[in-house]
Amino acid sequence: MSDAPQFATEPLWVPPPARVRASRLHAFRTTAADLAGRPLPDSAALHRWSVEHPEAFWHLLVAEALPGVDLHGPVLDPSDHPATTRWFPEVRLNVAEQILGGAEPSSTLLVSLDERGRRRELTRAMATAEVGRVAAALRAAGVGPGDRVAAWMPNTAETYLLMLGAAAVGAVFSSTSPDFGADGVLDRFAQIEPTVLVAADGYTYGGRAFDRRDQLAAVVDGLPTVRRVVVLPFLADEPDLSVLPGDPVTWADWLAPHDGEPPDYVPLPFDHPWYVLYSSGTTGVPKCIVHRAGGVLATHVKEQQLHLDVRAGDRVCWFTTTGWMMWNWLASIPASGASIVLYDGNPAHPGPSRLWDLAAEEGLDLLGVSAKYLDAVRSSGYRPADAADLSQLRTLASTGSPLSPEGFDWVMEAVAPGVGPDGLHLASISGGTDLCGCFVGGDPTRPVYAGELQGPALGMAVDVWRADGGPDDGTPADVGERGELVCTNAFPSMPLGFWGDGPLGEVGPRYRAAYFERFRSADGRAVWAHGDFATWTPHGGMVIHGRSDTTLNPGGVRIGTAEIYRQVERVDGIEEALVFGQQAGDDVRIVLLVRLSAGTDLTDELQAEIRSQVRRGCTPRHVPAVIVQVEDLPRTRSGKLAELAVADTVNGRPVRNTTALANPEVLGDIAAAVPPA
């Protein structure tokens with residue numbers, strides 16, 4: 001078999017013409033064609049126009065998608081480096097005002113649910129009143145523009161209201177989920193020196209309660225800049241706070257003196273910092289990525305309205321924690337006139353039907369999940385279309401890791417039959433915390449092919465460059481050829497920088513090393529190298545093969561780990577797998593770790609079946625040299641398999657930050673199980 005990837009020839013879903021005409025992308029393309037003065041017959045033509053005429057595109061995008069923004073002055077102030085481009089330099093806005101004002105005050109802003117059955121619904125008017133109280137409480141604590149507000153919180157209404165209150169006063173918001181231990185929280189928050197810390201007394205997951213007050217005490221002790229500690233009673237109605245330092249106050253008591261105070265939104269520059277997000281931290285202390293307010297909001301509404309067809313009045317849920325960038329992405333949905341549904345807890349508790357039941361009960365139009373979640377539901381044997389009323393659902397979106405072709409097929413076979421007559425738009429999207437958005441995503445006007453992301457995000461000059469290109473000779477790869485995912489233009493959600501890496505707005509050394517040292521364009525400009533290994537398809541879509549820093553190199557041939565996973569997942573009895581490269585002299589050998597279903601053993605016959613499947617579906621170079629059965633696999637706290645941590649451990653390199661892992665204890669067991677090379 002050749003090394004060329006195999007692409008689907010027939011689409012899984014083709015949007016009916018009436019649905020295409022009803023999409024927001026179609027309406028935007030029609031308007032853009034009028035502005036361009038020439039036909040833009042399809043979304044590929046629209047994308048070309050968007051990157052060839054960035055000022056016209058981004059001006060039209062903000063005018064159409066965020067009509068509340070007072071647009072004037074230039075769209076961008078160009079720079080010699082894409083990261084120092086300034087966007088809408090004369091515009092002032094407040095993102096909290098834009099989000100809350102995206103629809104009528106009487107409309108629903110959010111629904112908040114948890115696995116204990118608690119449900120809360122807030123209209124925009126109710127939420128605005130709450131945000132006014134939060135903003136006033138923050139001001140009373142001395143918080144102003146640029147100060148940091150940190151949340152160690154579950155995915156609840158209070159976390160969302162805190163973010164909006166912080167944005168209203170111009171503070172920078174940062175959150176992480178309550179399952180992080182104190183060390184992991186301090187690795188993140190201590191770097192940004194917050195003024196206010198809001199945390200829950202605990203959380204629930206899978207029907208179990210986890211009291212976090214002892215951990216919270218350690219966090220407060222480790223954050224000397226915090227002037228106010230606020231505790232949300234999540235487990236107990238009246239938690240005992242006497243074990244905590246810092247004169248803590250409950251959420252209700254903190255807000256009580258500020259009843260009736262309006263939000264009083266501070267108008268801020270378009271590029272004012274809004275969020276600090278964090279890299280996974282598996283290769284060291286997490287990088288603190290500072291994101292621009294206007295740029296992130298513009299990026300989100302573009303992706304939501306145009307790429308995923310979110311419409312006014314829709315209900316949208318993305319299953320996420322407050323420690324994953326999809327929480328920040330979901331937070332922008334109400335700016336498009338839609339409502340968000342927050343869910344906190346285990347999505348598989350008490351069974352695999354939980355999120356699908358939620359979709360039915362709340363009438364979701366868009367449900368977003370991770371590819372790993374879809375794989376888990378597929379493995380469980382549960383069929384959503386047979387058990388839940390999904391007639392309202394138009395779009396199912398997936399991210400976090402590449403969705404395998406088998407995952408696409410399963411969705412169309414086990415989910416799509418339950419939706420309306422126009423069918424289900426399955427949108428696999430890819431981007432990252434680095435840009436708080438997407439490079440490649442969905443398209444409600446184009447066919448869906450198994451294993452493929454439909455196309456590049458509008459306004460993003462995305463390409464695949466040959467992986468052997470040096471910093472001065474990067475060249476585009478051909479269709480079907482593997483290479484590095486790059487973006488060759490500036491875009492509004494490019495980070496302002498990394499906290500502590502020099503002045504914000506400049507390209508510090510760590511920021512430059514992370515994205516801009518791999519490639520340069522023909523005219524010498526820095527090019528964003530994202531770290532994904534990718535291929536263009538004949539349909540104008542893209543296949544993501546995995547992170548290029550985990551790409552395998554046996555015999556000097558670059559192999560994406562996702563290609564192996566797709567084949568291994570087809571073998572009965574394998575619950576989960578992780579593949580990495582083990583140093584073997586001057587070469588690398590492929591090691592496959594497998595977690596097997598109950599009652600399955602790693603026999604010689606099963607190993608032969610695995611190798612045969614990989615050889616048939618990929619090439620002989622992909623076949624693992626060693627297959628090892630393990631009880632568990634390490635993963636980050638956002639659920640991603642930690643390939644680098646395994647490779648480092650087995651190859652005798654230190655894992656610099658095990659606190660980023662949910663289960664670091666399994667690394668030692670794996671190292672002991674893998675035979676020496």
# chains A, B, ... in the order shown; residues from 1 in each chain; ligands from 1
$ closest_atom_pairs --of "region 53-101 of chain A" --to "region 494-500 of chain A" --cutoff "9 Å" --atoms "only C-alpha atoms" --output "CSV"
residue,atom,partner,partner_atom,distance
A:Pro82,CA,A:Met494,CA,8.3
A:Ala83,CA,A:Met494,CA,6.1
A:Thr84,CA,A:Leu496,CA,7.7
$ write_last_selection --atoms "C-alpha atoms" --output "PDB file, in the first residue's frame"
ATOM      1  CA  PRO A  82       1.558  39.358  12.311  1.00  0.00           C
ATOM      2  CA  ALA A  83       1.251  39.100  16.108  1.00  0.00           C
ATOM      3  CA  THR A  84       1.728  42.859  16.561  1.00  0.00           C
TER       4      THR A  84
END
$ residues_around --residues "region 557-571 of chain A" --least-positions-apart "6" --cutoff "6 Å" --atoms "only C-alpha atoms" --output "JSON, numbers by chain"
{"A": [404, 545, 546, 551, 614]}
$ write_last_selection --atoms "all heavy atoms" --output "PDB file, in the first residue's frame"
ATOM      1  N   SER A 404     -12.354  10.087  14.002  1.00  0.00           N
ATOM      2  CA  SER A 404     -11.986   9.068  13.024  1.00  0.00           C
ATOM      3  C   SER A 404     -13.091   8.901  11.990  1.00  0.00           C
ATOM      4  O   SER A 404     -14.259   9.224  12.241  1.00  0.00           O
ATOM      5  CB  SER A 404     -11.748   7.733  13.731  1.00  0.00           C
ATOM      6  OG  SER A 404     -12.976   7.234  14.255  1.00  0.00           O
ATOM      7  N   HIS A 545      -3.752  14.752  11.301  1.00  0.00           N
ATOM      8  CA  HIS A 545      -3.145  13.474  11.668  1.00  0.00           C
ATOM      9  C   HIS A 545      -2.666  13.440  13.122  1.00  0.00           C
ATOM     10  O   HIS A 545      -2.161  12.420  13.577  1.00  0.00           O
ATOM     11  CB  HIS A 545      -1.952  13.185  10.757  1.00  0.00           C
ATOM     12  CG  HIS A 545      -2.300  13.164   9.304  1.00  0.00           C
ATOM     13  ND1 HIS A 545      -3.040  12.156   8.727  1.00  0.00           N
ATOM     14  CD2 HIS A 545      -2.032  14.050   8.306  1.00  0.00           C
ATOM     15  CE1 HIS A 545      -3.199  12.401   7.440  1.00  0.00           C
ATOM     16  NE2 HIS A 545      -2.602  13.539   7.156  1.00  0.00           N
ATOM     17  N   GLY A 546      -2.785  14.536  13.826  1.00  0.00           N
ATOM     18  CA  GLY A 546      -2.320  14.604  15.208  1.00  0.00           C
ATOM     19  C   GLY A 546      -1.300  15.711  15.378  1.00  0.00           C
ATOM     20  O   GLY A 546      -0.942  16.415  14.430  1.00  0.00           O
ATOM     21  N   THR A 551       4.407  13.321  16.408  1.00  0.00           N
ATOM     22  CA  THR A 551       4.556  12.568  15.178  1.00  0.00           C
ATOM     23  C   THR A 551       5.696  11.574  15.323  1.00  0.00           C
ATOM     24  O   THR A 551       6.757  11.887  15.853  1.00  0.00           O
ATOM     25  CB  THR A 551       4.831  13.522  13.999  1.00  0.00           C
ATOM     26  OG1 THR A 551       3.710  14.392  13.846  1.00  0.00           O
ATOM     27  CG2 THR A 551       5.043  12.746  12.715  1.00  0.00           C
ATOM     28  N   VAL A 614      -3.561  -2.526  11.049  1.00  0.00           N
ATOM     29  CA  VAL A 614      -2.760  -1.323  10.827  1.00  0.00           C
ATOM     30  C   VAL A 614      -2.062  -1.401   9.470  1.00  0.00           C
ATOM     31  O   VAL A 614      -2.013  -0.417   8.726  1.00  0.00           O
ATOM     32  CB  VAL A 614      -1.739  -1.126  11.963  1.00  0.00           C
ATOM     33  CG1 VAL A 614      -0.786   0.023  11.642  1.00  0.00           C
ATOM     34  CG2 VAL A 614      -2.453  -0.858  13.288  1.00  0.00           C
TER      35      VAL A 614
END
$ closest_atom_pairs --of "region 219-315 of chain A" --to "region 60-78 of chain A" --cutoff "10 Å" --atoms "only C-alpha atoms" --output "tab-separated table"
residue	atom	partner	partner_atom	distance
A:Gly294	CA	A:Val62	CA	9.5
A:Gly295	CA	A:Val62	CA	9.9
A:Leu297	CA	A:Leu66	CA	9.0
A:Ala298	CA	A:Val62	CA	6.4
A:Thr299	CA	A:Leu61	CA	9.3
A:His300	CA	A:Ala65	CA	10.0
A:Val301	CA	A:Ala65	CA	6.4
A:Lys302	CA	A:Leu61	CA	7.0
A:Gln304	CA	A:Ala65	CA	9.8
A:Gln305	CA	A:Ala65	CA	7.5
A:Leu306	CA	A:Ala65	CA	9.2
$ residues_around --residues "Thr30 (chain A)" --least-positions-apart "4" --cutoff "12 Å" --atoms "only C-alpha atoms" --output "ChimeraX atom specification"
/A:21-26,34-43,45-46,60
$ write_last_selection --atoms "all heavy atoms" --output "CSV table (one decimal), in the first residue's frame"
chain,number,residue,atom,x,y,z
A,21,ARG,N,-29.7,27.8,1.5
A,21,ARG,CA,-30.2,29.2,1.3
A,21,ARG,C,-30.7,29.8,2.6
A,21,ARG,O,-30.6,31.0,2.8
A,21,ARG,CB,-31.4,29.1,0.3
A,21,ARG,CG,-31.0,28.8,-1.1
A,21,ARG,CD,-32.2,29.1,-2.0
A,21,ARG,NE,-33.4,28.3,-1.8
A,21,ARG,CZ,-33.6,27.1,-2.3
A,21,ARG,NH1,-32.7,26.6,-3.2
A,21,ARG,NH2,-34.7,26.4,-2.0
A,22,ALA,N,-31.1,29.0,3.6
A,22,ALA,CA,-31.5,29.5,4.9
A,22,ALA,C,-30.3,29.7,5.8
A,22,ALA,O,-30.5,30.3,6.9
A,22,ALA,CB,-32.5,28.5,5.5
A,23,SER,N,-29.1,29.3,5.5
A,23,SER,CA,-28.0,29.4,6.4
A,23,SER,C,-27.5,30.9,6.4
A,23,SER,O,-27.6,31.7,5.5
A,23,SER,CB,-26.8,28.5,5.9
A,23,SER,OG,-26.3,29.0,4.7
A,24,ARG,N,-26.9,31.2,7.6
A,24,ARG,CA,-26.3,32.5,7.7
A,24,ARG,C,-25.0,32.7,6.8
A,24,ARG,O,-24.7,33.8,6.4
A,24,ARG,CB,-25.9,32.7,9.2
A,24,ARG,CG,-27.1,32.7,10.1
A,24,ARG,CD,-26.8,33.0,11.6
A,24,ARG,NE,-26.7,34.5,11.8
A,24,ARG,CZ,-26.9,35.0,13.0
A,24,ARG,NH1,-27.1,34.3,14.0
A,24,ARG,NH2,-26.8,36.3,13.1
A,25,LEU,N,-24.3,31.6,6.6
A,25,LEU,CA,-23.2,31.7,5.7
A,25,LEU,C,-23.6,32.1,4.3
A,25,LEU,O,-23.0,32.9,3.6
A,25,LEU,CB,-22.5,30.3,5.6
A,25,LEU,CG,-21.2,30.2,4.7
A,25,LEU,CD1,-20.2,31.3,5.1
A,25,LEU,CD2,-20.6,28.8,4.8
A,26,HIS,N,-24.7,31.5,3.8
A,26,HIS,CA,-25.2,31.9,2.4
A,26,HIS,C,-25.6,33.4,2.4
A,26,HIS,O,-25.2,34.1,1.4
A,26,HIS,CB,-26.4,31.1,2.1
A,26,HIS,CG,-27.1,31.4,0.8
A,26,HIS,ND1,-26.6,31.0,-0.4
A,26,HIS,CD2,-28.1,32.2,0.5
A,26,HIS,CE1,-27.3,31.5,-1.4
A,26,HIS,NE2,-28.3,32.2,-0.9
A,34,ASP,N,-21.7,41.2,-3.1
A,34,ASP,CA,-22.1,42.6,-3.5
A,34,ASP,C,-21.0,43.6,-3.2
A,34,ASP,O,-20.7,44.5,-4.0
A,34,ASP,CB,-23.4,43.0,-2.8
A,34,ASP,CG,-24.6,42.3,-3.2
A,34,ASP,OD1,-24.5,41.7,-4.4
A,34,ASP,OD2,-25.6,42.2,-2.5
A,35,LEU,N,-20.4,43.4,-2.0
A,35,LEU,CA,-19.3,44.3,-1.6
A,35,LEU,C,-18.0,44.1,-2.5
A,35,LEU,O,-17.4,45.1,-2.9
A,35,LEU,CB,-18.9,44.0,-0.1
A,35,LEU,CG,-17.7,44.8,0.5
A,35,LEU,CD1,-18.1,46.3,0.5
A,35,LEU,CD2,-17.4,44.3,1.9
A,36,ALA,N,-17.8,42.8,-2.9
A,36,ALA,CA,-16.6,42.6,-3.7
A,36,ALA,C,-16.8,43.0,-5.1
A,36,ALA,O,-15.8,43.2,-5.9
A,36,ALA,CB,-16.3,41.1,-3.7
A,37,GLY,N,-18.1,43.1,-5.5
A,37,GLY,CA,-18.3,43.5,-6.9
A,37,GLY,C,-18.1,42.4,-7.9
A,37,GLY,O,-17.9,42.6,-9.1
A,38,ARG,N,-18.1,41.2,-7.4
A,38,ARG,CA,-17.9,40.0,-8.3
A,38,ARG,C,-18.6,38.8,-7.7
A,38,ARG,O,-18.8,38.8,-6.5
A,38,ARG,CB,-16.5,39.7,-8.5
A,38,ARG,CG,-15.6,39.5,-7.3
A,38,ARG,CD,-14.1,39.3,-7.6
A,38,ARG,NE,-13.3,39.3,-6.5
A,38,ARG,CZ,-12.9,38.2,-5.8
A,38,ARG,NH1,-13.4,37.0,-6.2
A,38,ARG,NH2,-12.1,38.2,-4.8
A,39,PRO,N,-18.9,37.8,-8.4
A,39,PRO,CA,-19.6,36.6,-7.9
A,39,PRO,C,-18.6,35.9,-6.9
A,39,PRO,O,-17.4,35.8,-7.1
A,39,PRO,CB,-19.9,35.7,-9.1
A,39,PRO,CG,-19.8,36.6,-10.3
A,39,PRO,CD,-18.8,37.7,-9.9
A,40,LEU,N,-19.2,35.4,-5.8
A,40,LEU,CA,-18.5,34.4,-4.9
A,40,LEU,C,-19.4,33.2,-4.8
A,40,LEU,O,-20.3,33.1,-4.0
A,40,LEU,CB,-18.4,35.1,-3.5
A,40,LEU,CG,-17.5,36.4,-3.5
A,40,LEU,CD1,-17.6,37.0,-2.1
A,40,LEU,CD2,-16.1,36.1,-3.9
A,41,PRO,N,-19.3,32.3,-5.8
A,41,PRO,CA,-20.3,31.3,-6.0
A,41,PRO,C,-20.4,30.2,-4.9
A,41,PRO,O,-21.4,29.5,-4.8
A,41,PRO,CB,-19.9,30.6,-7.3
A,41,PRO,CG,-18.4,30.9,-7.5
A,41,PRO,CD,-18.2,32.3,-6.8
A,42,ASP,N,-19.3,30.1,-4.1
A,42,ASP,CA,-19.4,29.1,-3.1
A,42,ASP,C,-18.5,29.5,-1.9
A,42,ASP,O,-17.8,30.6,-1.9
A,42,ASP,CB,-18.9,27.7,-3.6
A,42,ASP,CG,-17.5,27.8,-4.3
A,42,ASP,OD1,-16.7,28.7,-4.0
A,42,ASP,OD2,-17.3,26.9,-5.2
A,43,SER,N,-18.4,28.7,-0.9
A,43,SER,CA,-17.7,29.1,0.3
A,43,SER,C,-16.2,29.1,0.1
A,43,SER,O,-15.4,29.8,0.8
A,43,SER,CB,-18.0,28.2,1.5
A,43,SER,OG,-17.9,26.8,1.2
A,45,ALA,N,-14.8,30.2,-2.7
A,45,ALA,CA,-14.5,31.5,-3.2
A,45,ALA,C,-14.6,32.6,-2.2
A,45,ALA,O,-13.8,33.6,-2.2
A,45,ALA,CB,-15.5,31.8,-4.3
A,46,LEU,N,-15.6,32.5,-1.2
A,46,LEU,CA,-15.7,33.4,-0.1
A,46,LEU,C,-14.4,33.4,0.7
A,46,LEU,O,-13.9,34.4,1.2
A,46,LEU,CB,-16.9,33.1,0.7
A,46,LEU,CG,-17.1,33.9,2.0
A,46,LEU,CD1,-17.3,35.4,1.6
A,46,LEU,CD2,-18.3,33.4,2.8
A,60,LEU,N,-16.8,43.7,7.3
A,60,LEU,CA,-18.2,43.2,7.1
A,60,LEU,C,-18.6,42.2,8.1
A,60,LEU,O,-19.8,42.2,8.6
A,60,LEU,CB,-18.2,42.5,5.7
A,60,LEU,CG,-19.5,41.9,5.3
A,60,LEU,CD1,-20.6,42.9,5.2
A,60,LEU,CD2,-19.4,41.1,4.0
$ residues_around --residues "region 626-631 of chain A" --least-positions-apart "2" --cutoff "8 Å" --atoms "only C-alpha atoms" --output "list in words"
Arg589, Ile590, Val591, Leu592, Leu593, Val594, Arg595, Leu596, Leu602, Gln607, Pro624, Leu633, Ile670, Ala673 and Val674 of chain A
$ write_last_selection --atoms "C-alpha atoms" --output "PDB file, in the first residue's frame"
ATOM      1  CA  ARG A 589      10.311   2.057  17.212  1.00  0.00           C
ATOM      2  CA  ILE A 590       6.534   2.371  17.486  1.00  0.00           C
ATOM      3  CA  VAL A 591       5.029   1.181  20.760  1.00  0.00           C
ATOM      4  CA  LEU A 592       1.280   0.699  21.093  1.00  0.00           C
ATOM      5  CA  LEU A 593      -0.353   0.654  24.526  1.00  0.00           C
ATOM      6  CA  VAL A 594      -3.830  -0.850  24.660  1.00  0.00           C
ATOM      7  CA  ARG A 595      -6.507  -0.840  27.335  1.00  0.00           C
ATOM      8  CA  LEU A 596      -8.741  -3.844  26.686  1.00  0.00           C
ATOM      9  CA  LEU A 602      -3.661  -9.558  24.688  1.00  0.00           C
ATOM     10  CA  GLN A 607      -1.653  -8.813  18.454  1.00  0.00           C
ATOM     11  CA  PRO A 624       3.772  -1.158  15.942  1.00  0.00           C
ATOM     12  CA  LEU A 633      -3.621   5.483  30.132  1.00  0.00           C
ATOM     13  CA  ILE A 670       3.680   1.962  31.863  1.00  0.00           C
ATOM     14  CA  ALA A 673       5.579  -2.649  31.374  1.00  0.00           C
ATOM     15  CA  VAL A 674       7.326  -1.488  28.181  1.00  0.00           C
TER      16      VAL A 674
END
$ residues_around --residues "Phe234 (chain A)" --least-positions-apart "3" --cutoff "7 Å" --atoms "only C-alpha atoms" --output "MDAnalysis selection string"
chainID A and resid 200:203
$ select_by_dssp --residues "region 289-421 of chain A" --states "alpha helix (DSSP H)" --output "MDAnalysis selection string"
chainID A and resid 293:301 325:331 354:362 371:380 384:387 405:414
$ closest_residue --among "A:Tyr382, A:Ala647, A:Leu458, A:Arg118" --to "His47 (chain A)" --atoms "only C-alpha atoms"
A:Leu458
$ residues_around --residues "Gln98 (chain A)" --least-positions-apart "2" --cutoff "8 Å" --atoms "only C-alpha atoms" --output "NGL selection string"
:A and (66 or 68-69 or 93-96 or 100-102 or 335)
$ write_last_selection --atoms "all heavy atoms" --output "short mmCIF file (atom, residue, chain, number, x, y, z; two decimals), in the first residue's frame"
data_model
loop_
_atom_site.label_atom_id
_atom_site.label_comp_id
_atom_site.auth_asym_id
_atom_site.auth_seq_id
_atom_site.Cartn_x
_atom_site.Cartn_y
_atom_site.Cartn_z
N LEU A 66 -21.92 41.47 14.72
CA LEU A 66 -21.97 42.22 15.99
C LEU A 66 -22.48 43.63 15.71
O LEU A 66 -21.75 44.61 15.82
CB LEU A 66 -20.57 42.28 16.61
CG LEU A 66 -19.98 40.96 17.12
CD1 LEU A 66 -18.50 41.14 17.48
CD2 LEU A 66 -20.75 40.47 18.35
N GLY A 68 -24.05 45.69 17.30
CA GLY A 68 -23.99 46.65 18.39
C GLY A 68 -22.67 47.39 18.49
O GLY A 68 -22.55 48.35 19.27
N VAL A 69 -21.65 46.96 17.72
CA VAL A 69 -20.34 47.61 17.78
C VAL A 69 -20.35 48.86 16.89
O VAL A 69 -20.78 48.80 15.73
CB VAL A 69 -19.23 46.65 17.31
CG1 VAL A 69 -17.88 47.36 17.28
CG2 VAL A 69 -19.16 45.44 18.25
N LEU A 93 -15.29 49.05 22.73
CA LEU A 93 -16.43 48.18 23.00
C LEU A 93 -16.24 47.50 24.35
O LEU A 93 -15.15 47.55 24.93
CB LEU A 93 -16.61 47.13 21.91
CG LEU A 93 -15.79 45.81 21.98
CD1 LEU A 93 -16.37 44.78 21.05
CD2 LEU A 93 -14.32 46.06 21.66
N ASN A 94 -17.31 46.89 24.84
CA ASN A 94 -17.23 46.06 26.03
C ASN A 94 -17.89 44.72 25.69
O ASN A 94 -19.06 44.69 25.30
CB ASN A 94 -17.93 46.71 27.22
CG ASN A 94 -17.69 45.95 28.50
OD1 ASN A 94 -18.25 44.89 28.72
ND2 ASN A 94 -16.82 46.50 29.36
N VAL A 95 -17.13 43.65 25.79
CA VAL A 95 -17.65 42.36 25.35
C VAL A 95 -18.83 41.89 26.19
O VAL A 95 -19.75 41.23 25.68
CB VAL A 95 -16.54 41.28 25.33
CG1 VAL A 95 -15.57 41.53 24.19
CG2 VAL A 95 -15.81 41.20 26.65
N ALA A 96 -18.87 42.21 27.47
CA ALA A 96 -20.02 41.83 28.29
C ALA A 96 -21.29 42.51 27.78
O ALA A 96 -22.36 41.89 27.72
CB ALA A 96 -19.76 42.20 29.75
N LEU A 100 -24.53 40.35 26.45
CA LEU A 100 -25.83 40.49 27.10
C LEU A 100 -26.86 41.15 26.20
O LEU A 100 -28.06 40.89 26.29
CB LEU A 100 -25.68 41.27 28.40
CG LEU A 100 -24.99 40.52 29.54
CD1 LEU A 100 -24.56 41.48 30.64
CD2 LEU A 100 -25.90 39.44 30.11
N GLY A 101 -26.40 42.01 25.31
CA GLY A 101 -27.31 42.75 24.45
C GLY A 101 -27.59 42.09 23.12
O GLY A 101 -28.14 42.73 22.21
N GLY A 102 -27.27 40.81 22.97
CA GLY A 102 -27.42 40.13 21.69
C GLY A 102 -28.84 39.77 21.32
O GLY A 102 -29.09 39.31 20.21
N ALA A 335 -23.98 36.43 22.17
CA ALA A 335 -23.79 37.60 21.32
C ALA A 335 -24.46 37.42 19.97
O ALA A 335 -24.74 38.40 19.27
CB ALA A 335 -22.30 37.89 21.13
#
$ closest_atom_pairs --of "region 134-201 of chain A" --to "region 272-292 of chain A" --cutoff "6 Å" --atoms "only C-alpha atoms" --output "JSON lines"
{"residue": "A:Val172", "atom": "CA", "partner": "A:Trp274", "partner_atom": "CA", "distance": 4.9}
{"residue": "A:Phe173", "atom": "CA", "partner": "A:Tyr275", "partner_atom": "CA", "distance": 4.9}
{"residue": "A:Ser174", "atom": "CA", "partner": "A:Val276", "partner_atom": "CA", "distance": 5.1}
